[in-house]
Each structure stands twice: as C-alpha cells, then as structure tokens.
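What follows is a single structure, written as structure tokens, with notes after it.
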Amino acid sequence: MTDVSCKTGVELLMDYLEEVVPDDMRALLESHVAGCPKCAAFIASYLATPRILRDATAAAMPPEVQRSLLVFLRAQRGDGPRQKA
Amino acid sequence: MAVPEEATDETLASRAGLGDNHAFDEITIRYQARVYRLACRLVGHDDAPDVVQEGFLSVYRHLASYRQESRFGTWLYRIVTNAALMHRRARSRRPVESLEAYLPRFDATGRHCHTPVELQVAAHADELLDRRALAEEATAALDRLPDLYRSAFVLRDLEELTTAEVADVLGVEPATVRQRVHRARLMLRGYLGALAGVRS
C-alpha cells in the first residue's frame, strides 16, 4: 500500500494523535496529509473543536449554589438543618 | 516560618471516611467548582445544581468504600458522572435531532467532499459567532450527543482527563474511550462548521 484515503486518515486520526497506530501506518498517514490540503484543513478544525467547546462551556459555579451545597450536605450529615434529598 | 502542607485529597478522604466532617467540607470546597462545571456539561445548567448535590452526597455515603486504588479525583468524577447519567435517564427528555448528519462526508474514492477552506471553517467558529450564542449552541450540542459519547468527550476533552483516566472513570477499555471521543469530536466539529456557515 502506497497511500491511504482521506476517509481512512479520518478514521485513524484519534489513534494517530494518541500514538497507538503502527509505525508503518503512521508513516503512510503523515505522507498522505503532507500532500493533501483537504486533510490538513480537516485536522486543523478537528484539533480546534475541543478547545472551542471547552471555552464555550466553562461555567463558573454561582455563589448561591456553593452556599446551598454546603448547607445541604451539612443537613444530610446531621450537623445542620435537615433537608430533603 | 514553615508553611503548613496542604492535606492531599486522599488524606482528606480518609479522614472524612472516619467521620471528620471538616475534612469532607474541605473536599467539597476543593472540588465543587470542577464538579459543577462537569455537571453543567453533562446535564445542562438547569439540572447541574441537583446533580452536584446528588454527586457529593453519594461521595459522602461511599467514602468507606474508597480504597485509594485510583486517585481520589478520578473516583469522585466516576461517582458524579454516574449521578449525571442517572439524572438524565430519570428525566423524560424530548427527542432531539441526532448529530450524525454532521459527520464528515467523502466521495466514492474516499476523498473529502469539500474544499480546504470549507473543511477548516469549524476552527474559526469562536471568531465568527457571538460568544453568548456559541455558549448556548455548545451546551445544546453536548445535550444532543448520545450519552456514551457525551461522557467520554466531556471527561477527555473538556475536563482534560487522560484517556486512561477516562477509561477508569467509565469502566471501559482505553480503545473504547478513543472510539467514543473520536466520534464525538467528528460530530461536534461538523456542528461547529454548520454554525459558522458550512456543513462539511
């Protein structure tokens, strides 16, 4: 085998990034991407996806939720006012 | 003057398991922000406070069974993730459109169907979309992932656990984690691209 398709490259992308593909396949994938602007563009967007979603969903805990959590847990343990679970 | 060393999570868990409520408060304060963020990502903002309470209460009740075979944080994430999954299953949710339609497409020879510019647009979704709108869309997108993919993706890519840690939390093989995270990334990448104007 002298080349892989874009589809095969996409299927193996996560394994490639986590370094669990065999060396010969790794070389084939790198060779393919080096000559394939489409795959290079696809990989850029694939790698950006976790970062974009991580930033967009980084919720801060509201102070009132923090307070009610400690009150709830102390009540459940019996060292505060009892609350329904 | 010597600075007192901060107790490790495992030390605090051990003390809490022996009835030291101050130690459990310390654990709660140490982890509450991370647990809240995790819960928001797994069940959404409205249900997150309930899941946080259920999760920490479950941690408290199971402290005696914590054997320190895995890091305390990993053990806690396992309990909270399970609490979130149970919470989702207990709620009747309206059916939502699958994200399968956002998987990448190829021609008969296995080549990408779109141009490089189209294929890369998802990488710029955060520059092209209003911050608030993106936050809402991102939360909605996570909600539309199948449970198995969501938990793996959230733990691996958003909470940034290692693949081995996610495997430990979910009780599956690392290869299964990789497969689920990869599938989620592909769908979410396509979804971001569509939000930015190109379904590729």
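Letters A, B, ... mark the chains of the structure tokens in the order given; residue numbers begin at 1 per chain; ligand numbers begin at 1, in order shown.
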Can you list, as number ranges by chain, all residues belonging to segment 3-186 of chain B that DSSP tags as alpha helix (DSSP H)? B: 9-17, 21-43, 48-62, 72-90, 116-120, 125-128, 131-144, 147-153, 163-170, 174-186
Selected residues written out with C-alpha atoms, as a compact mmCIF listing (two decimals), in the first residue's frame:
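As written to disk, again-v7.txt reads:
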# COMPACT_ATOMS: atom_id res chain seq x y z
CA ASP B 9 -7.20 14.61 48.60
CA GLU B 10 -6.58 11.03 49.69
CA THR B 11 -5.71 12.11 53.26
CA LEU B 12 -8.84 14.25 53.47
CA ALA B 13 -10.95 11.40 52.09
CA SER B 14 -9.52 9.03 54.66
CA ARG B 15 -10.26 11.47 57.49
CA ALA B 16 -13.75 12.16 56.15
CA GLY B 17 -14.38 8.43 55.96
CA ASN B 21 -16.87 16.44 58.70
CA HIS B 22 -14.41 19.33 58.38
CA ALA B 23 -12.33 17.15 56.08
CA PHE B 24 -15.38 16.48 53.93
CA ASP B 25 -16.17 20.20 53.82
CA GLU B 26 -12.60 20.77 52.64
CA ILE B 27 -13.03 18.17 49.88
CA THR B 28 -16.31 19.79 48.87
CA ILE B 29 -14.79 23.27 48.69
CA ARG B 30 -11.77 21.94 46.81
CA TYR B 31 -13.83 20.16 44.13
CA GLN B 32 -17.16 21.99 43.95
CA ALA B 33 -16.26 24.29 41.05
CA ARG B 34 -14.93 21.42 38.95
CA VAL B 35 -17.89 19.21 39.79
CA TYR B 36 -20.33 22.00 38.94
CA ARG B 37 -18.64 22.59 35.59
CA LEU B 38 -18.67 18.86 34.87
CA ALA B 39 -22.36 18.64 35.78
CA CYS B 40 -23.23 21.59 33.52
CA ARG B 41 -21.51 19.85 30.65
CA LEU B 42 -23.23 16.52 31.31
CA VAL B 43 -26.78 17.62 32.13
CA ALA B 48 -26.46 20.90 37.36
CA PRO B 49 -27.12 22.05 40.97
CA ASP B 50 -29.19 18.90 41.65
CA VAL B 51 -26.51 16.66 40.16
CA VAL B 52 -23.81 18.40 42.21
CA GLN B 53 -25.78 17.79 45.40
CA GLU B 54 -26.56 14.18 44.46
CA GLY B 55 -22.94 13.60 43.47
CA PHE B 56 -21.37 14.96 46.65
CA LEU B 57 -23.94 13.18 48.82
CA SER B 58 -23.12 9.93 47.03
CA VAL B 59 -19.40 10.58 47.55
CA TYR B 60 -20.05 11.13 51.27
CA ARG B 61 -22.08 7.94 51.56
CA HIS B 62 -19.47 5.87 49.73
CA PHE B 72 -9.49 10.47 44.67
CA GLY B 73 -10.33 12.91 41.87
CA THR B 74 -10.86 10.05 39.42
CA TRP B 75 -13.06 8.22 41.92
CA LEU B 76 -15.10 11.38 42.55
CA TYR B 77 -15.51 12.00 38.80
CA ARG B 78 -16.80 8.44 38.43
CA ILE B 79 -19.46 9.00 41.08
CA VAL B 80 -20.54 12.38 39.71
CA THR B 81 -20.62 11.09 36.13
CA ASN B 82 -22.83 8.19 37.24
CA ALA B 83 -25.08 10.61 39.13
CA ALA B 84 -25.40 12.72 36.00
CA LEU B 85 -26.25 9.72 33.83
CA MET B 86 -28.87 8.52 36.31
CA HIS B 87 -30.30 12.03 36.45
CA ARG B 88 -30.61 12.18 32.67
CA ARG B 89 -32.24 8.76 32.49
CA ALA B 90 -34.75 9.69 35.19
CA PRO B 116 -9.88 23.13 2.33
CA VAL B 117 -11.47 26.48 3.21
CA GLU B 118 -14.81 24.80 3.90
CA LEU B 119 -13.16 21.99 5.86
CA GLN B 120 -11.31 24.43 8.10
CA ALA B 125 -16.39 29.16 14.90
CA ASP B 126 -15.39 31.07 18.02
CA GLU B 127 -14.29 34.05 15.92
CA LEU B 128 -17.36 34.02 13.69
CA ARG B 131 -19.73 34.46 22.48
CA ARG B 132 -23.10 34.08 24.19
CA ALA B 133 -24.70 32.39 21.18
CA LEU B 134 -21.77 29.99 20.92
CA ALA B 135 -22.07 29.09 24.60
CA GLU B 136 -25.76 28.26 24.14
CA GLU B 137 -25.14 26.29 20.96
CA ALA B 138 -22.25 24.39 22.53
CA THR B 139 -24.36 23.35 25.50
CA ALA B 140 -27.18 22.31 23.16
CA ALA B 141 -24.75 20.33 21.02
CA LEU B 142 -23.44 18.41 24.03
CA ASP B 143 -27.03 17.65 25.00
CA ARG B 144 -27.62 16.13 21.56
CA ASP B 147 -24.83 9.53 26.49
CA LEU B 148 -21.87 7.26 25.82
CA TYR B 149 -20.17 9.78 23.56
CA ARG B 150 -21.00 12.79 25.73
CA SER B 151 -19.49 11.42 28.92
CA ALA B 152 -16.31 10.27 27.15
CA PHE B 153 -15.90 13.56 25.27
CA THR B 163 -7.60 8.56 28.10
CA ALA B 164 -6.51 6.08 30.79
CA GLU B 165 -8.29 8.12 33.49
CA VAL B 166 -11.47 8.33 31.42
CA ALA B 167 -11.31 4.57 30.91
CA ASP B 168 -11.04 4.18 34.69
CA VAL B 169 -13.96 6.55 35.33
CA LEU B 170 -16.22 4.89 32.76
CA PRO B 174 -8.89 2.91 26.52
CA ALA B 175 -9.65 1.86 22.92
CA THR B 176 -13.36 2.31 23.63
CA VAL B 177 -12.71 5.77 25.04
CA ARG B 178 -10.75 6.73 21.93
CA GLN B 179 -13.52 5.48 19.67
CA ARG B 180 -16.24 7.39 21.56
CA VAL B 181 -14.24 10.61 21.89
CA HIS B 182 -13.29 10.49 18.21
CA ARG B 183 -16.89 10.03 17.12
CA ALA B 184 -17.99 12.92 19.35
CA ARG B 185 -15.23 15.17 18.01
CA LEU B 186 -16.26 14.40 14.42
Write out as an MDAnalysis selection string which residues come within 7 Å of segment 101-103 of chain B when counting only C-alpha atoms, dropping same-chain ones fewer than 5 positions away. chainID B and resid 186:187 190:191 199
Selection: 9 Å around Val33 of chain A, only C-alpha atoms, excl. self and same-chain fewer than 5 positions, as a PyMOL selection string: chain A and resi 6+9+28+38-40
Based on only C-alpha atoms, which of the residues in chain A come within 9 Å of chain B? I want them as a PyMOL selection string. chain A and resi 4-8+10-11+13-15+18+37-61+65-66+68-70+72-74+76-77+79+85
What does the file look like for those residues with N, CA and C atoms, as a compact mmCIF listing (two decimals), in the first residue's frame?
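Generated output (again.txt):
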# COMPACT_ATOMS: atom_id res chain seq x y z
N VAL A 4 -3.04 6.23 1.58
CA VAL A 4 -4.31 5.97 2.24
C VAL A 4 -5.28 7.05 1.77
N SER A 5 -6.55 6.79 1.92
CA SER A 5 -7.55 7.78 1.52
C SER A 5 -7.77 8.77 2.65
N CYS A 6 -8.43 9.89 2.31
CA CYS A 6 -8.80 10.86 3.35
C CYS A 6 -9.68 10.17 4.40
N LYS A 7 -10.60 9.33 3.93
CA LYS A 7 -11.53 8.66 4.84
C LYS A 7 -10.78 7.78 5.84
N THR A 8 -9.81 7.03 5.36
CA THR A 8 -9.01 6.19 6.27
C THR A 8 -8.24 7.06 7.25
N VAL A 10 -9.08 9.97 8.38
CA VAL A 10 -10.01 10.48 9.40
C VAL A 10 -10.34 9.39 10.40
N GLU A 11 -10.57 8.19 9.89
CA GLU A 11 -10.91 7.08 10.80
C GLU A 11 -9.80 6.81 11.82
N LEU A 13 -7.48 9.06 12.85
CA LEU A 13 -6.89 10.30 13.35
C LEU A 13 -6.68 10.30 14.87
N MET A 14 -7.69 9.87 15.60
CA MET A 14 -7.55 9.88 17.06
C MET A 14 -6.45 8.91 17.50
N ASP A 15 -6.44 7.73 16.90
CA ASP A 15 -5.40 6.75 17.24
C ASP A 15 -4.01 7.28 16.88
N GLU A 18 -2.97 9.78 19.48
CA GLU A 18 -2.65 9.14 20.76
C GLU A 18 -1.52 8.11 20.60
N PRO A 37 -4.08 19.05 1.07
CA PRO A 37 -4.54 20.27 1.76
C PRO A 37 -5.90 20.08 2.43
N LYS A 38 -6.73 19.21 1.87
CA LYS A 38 -8.05 18.97 2.48
C LYS A 38 -7.90 18.33 3.85
N CYS A 39 -7.04 17.33 3.94
CA CYS A 39 -6.84 16.67 5.23
C CYS A 39 -6.16 17.61 6.23
N ALA A 40 -5.23 18.42 5.74
CA ALA A 40 -4.57 19.38 6.64
C ALA A 40 -5.61 20.34 7.22
N ALA A 41 -6.53 20.80 6.37
CA ALA A 41 -7.58 21.71 6.84
C ALA A 41 -8.53 21.00 7.79
N PHE A 42 -8.86 19.76 7.44
CA PHE A 42 -9.77 19.00 8.31
C PHE A 42 -9.14 18.82 9.69
N ILE A 43 -7.88 18.46 9.73
CA ILE A 43 -7.21 18.22 11.02
C ILE A 43 -7.17 19.50 11.86
N ALA A 44 -6.95 20.63 11.21
CA ALA A 44 -6.94 21.90 11.96
C ALA A 44 -8.27 22.12 12.67
N SER A 45 -9.36 21.84 11.98
CA SER A 45 -10.67 22.05 12.60
C SER A 45 -10.97 20.96 13.63
N TYR A 46 -10.49 19.76 13.39
CA TYR A 46 -10.67 18.66 14.35
C TYR A 46 -9.96 18.98 15.67
N LEU A 47 -8.74 19.50 15.55
CA LEU A 47 -7.96 19.83 16.76
C LEU A 47 -8.54 21.04 17.49
N ALA A 48 -9.17 21.95 16.76
CA ALA A 48 -9.72 23.15 17.39
C ALA A 48 -11.04 22.86 18.12
N THR A 49 -11.71 21.82 17.73
CA THR A 49 -13.06 21.55 18.27
C THR A 49 -13.08 21.40 19.79
N PRO A 50 -12.22 20.59 20.42
CA PRO A 50 -12.26 20.51 21.89
C PRO A 50 -12.02 21.85 22.57
N ARG A 51 -11.06 22.62 22.06
CA ARG A 51 -10.75 23.91 22.68
C ARG A 51 -11.94 24.86 22.61
N ILE A 52 -12.59 24.92 21.46
CA ILE A 52 -13.73 25.83 21.30
C ILE A 52 -14.86 25.44 22.25
N LEU A 53 -15.14 24.15 22.33
CA LEU A 53 -16.22 23.70 23.21
C LEU A 53 -15.85 23.83 24.69
N ARG A 54 -14.58 23.63 24.98
CA ARG A 54 -14.12 23.78 26.38
C ARG A 54 -14.30 25.23 26.83
N ASP A 55 -13.88 26.16 25.99
CA ASP A 55 -14.00 27.58 26.34
C ASP A 55 -15.47 28.00 26.42
N ALA A 56 -16.28 27.47 25.51
CA ALA A 56 -17.69 27.91 25.44
C ALA A 56 -18.54 27.33 26.57
N THR A 57 -18.07 26.27 27.21
CA THR A 57 -18.91 25.61 28.24
C THR A 57 -18.25 25.66 29.62
N ALA A 58 -17.32 26.59 29.80
CA ALA A 58 -16.62 26.69 31.10
C ALA A 58 -17.47 27.50 32.08
N ALA A 59 -18.45 26.87 32.68
CA ALA A 59 -19.38 27.57 33.58
C ALA A 59 -18.76 27.76 34.96
N ALA A 60 -18.94 28.96 35.50
CA ALA A 60 -18.50 29.23 36.88
C ALA A 60 -19.65 28.91 37.83
N MET A 61 -19.31 28.37 38.99
CA MET A 61 -20.34 27.99 39.96
C MET A 61 -20.87 29.25 40.68
N VAL A 65 -25.22 28.77 44.68
CA VAL A 65 -25.19 27.31 44.53
C VAL A 65 -24.13 26.71 45.47
N GLN A 66 -23.01 27.42 45.61
CA GLN A 66 -21.98 26.97 46.56
C GLN A 66 -22.54 26.94 47.98
N SER A 68 -25.68 26.82 49.01
CA SER A 68 -26.75 25.83 49.21
C SER A 68 -26.18 24.41 49.23
N LEU A 69 -25.08 24.18 48.52
CA LEU A 69 -24.47 22.85 48.54
C LEU A 69 -23.96 22.51 49.93
N LEU A 70 -23.21 23.42 50.54
CA LEU A 70 -22.67 23.15 51.88
C LEU A 70 -23.80 22.99 52.90
N PHE A 72 -26.83 21.98 52.31
CA PHE A 72 -27.47 20.69 52.01
C PHE A 72 -26.66 19.52 52.58
N LEU A 73 -25.36 19.54 52.34
CA LEU A 73 -24.53 18.42 52.79
C LEU A 73 -24.45 18.35 54.31
N ARG A 74 -24.35 19.51 54.95
CA ARG A 74 -24.30 19.51 56.42
C ARG A 74 -25.62 18.99 56.99
N GLN A 76 -27.65 16.86 55.52
CA GLN A 76 -27.71 15.42 55.28
C GLN A 76 -26.83 14.65 56.25
N ARG A 77 -25.73 15.27 56.67
CA ARG A 77 -24.83 14.60 57.61
C ARG A 77 -25.35 14.68 59.03
N ASP A 79 -25.29 17.64 60.77
CA ASP A 79 -24.69 18.75 61.52
C ASP A 79 -25.22 20.09 61.01
N ALA A 85 -33.50 15.18 50.38
CA ALA A 85 -32.52 14.91 49.32
C ALA A 85 -33.14 15.15 47.96
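The two atoms in question, atom CA of Ala64 of chain B and atom CA of Thr162 of chain B, are spaced 26.2 Å apart.
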Can you work out the spacing between atom CA of Leu129 of chain B and atom CA of Leu145 of chain B in Å, to one decimal?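 Rounded to one decimal, the two atoms are 21.2 Å apart.
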Distance atom CA of His32 of chain A-atom CA of Leu99 of chain B, one decimal place? 28.0 Å
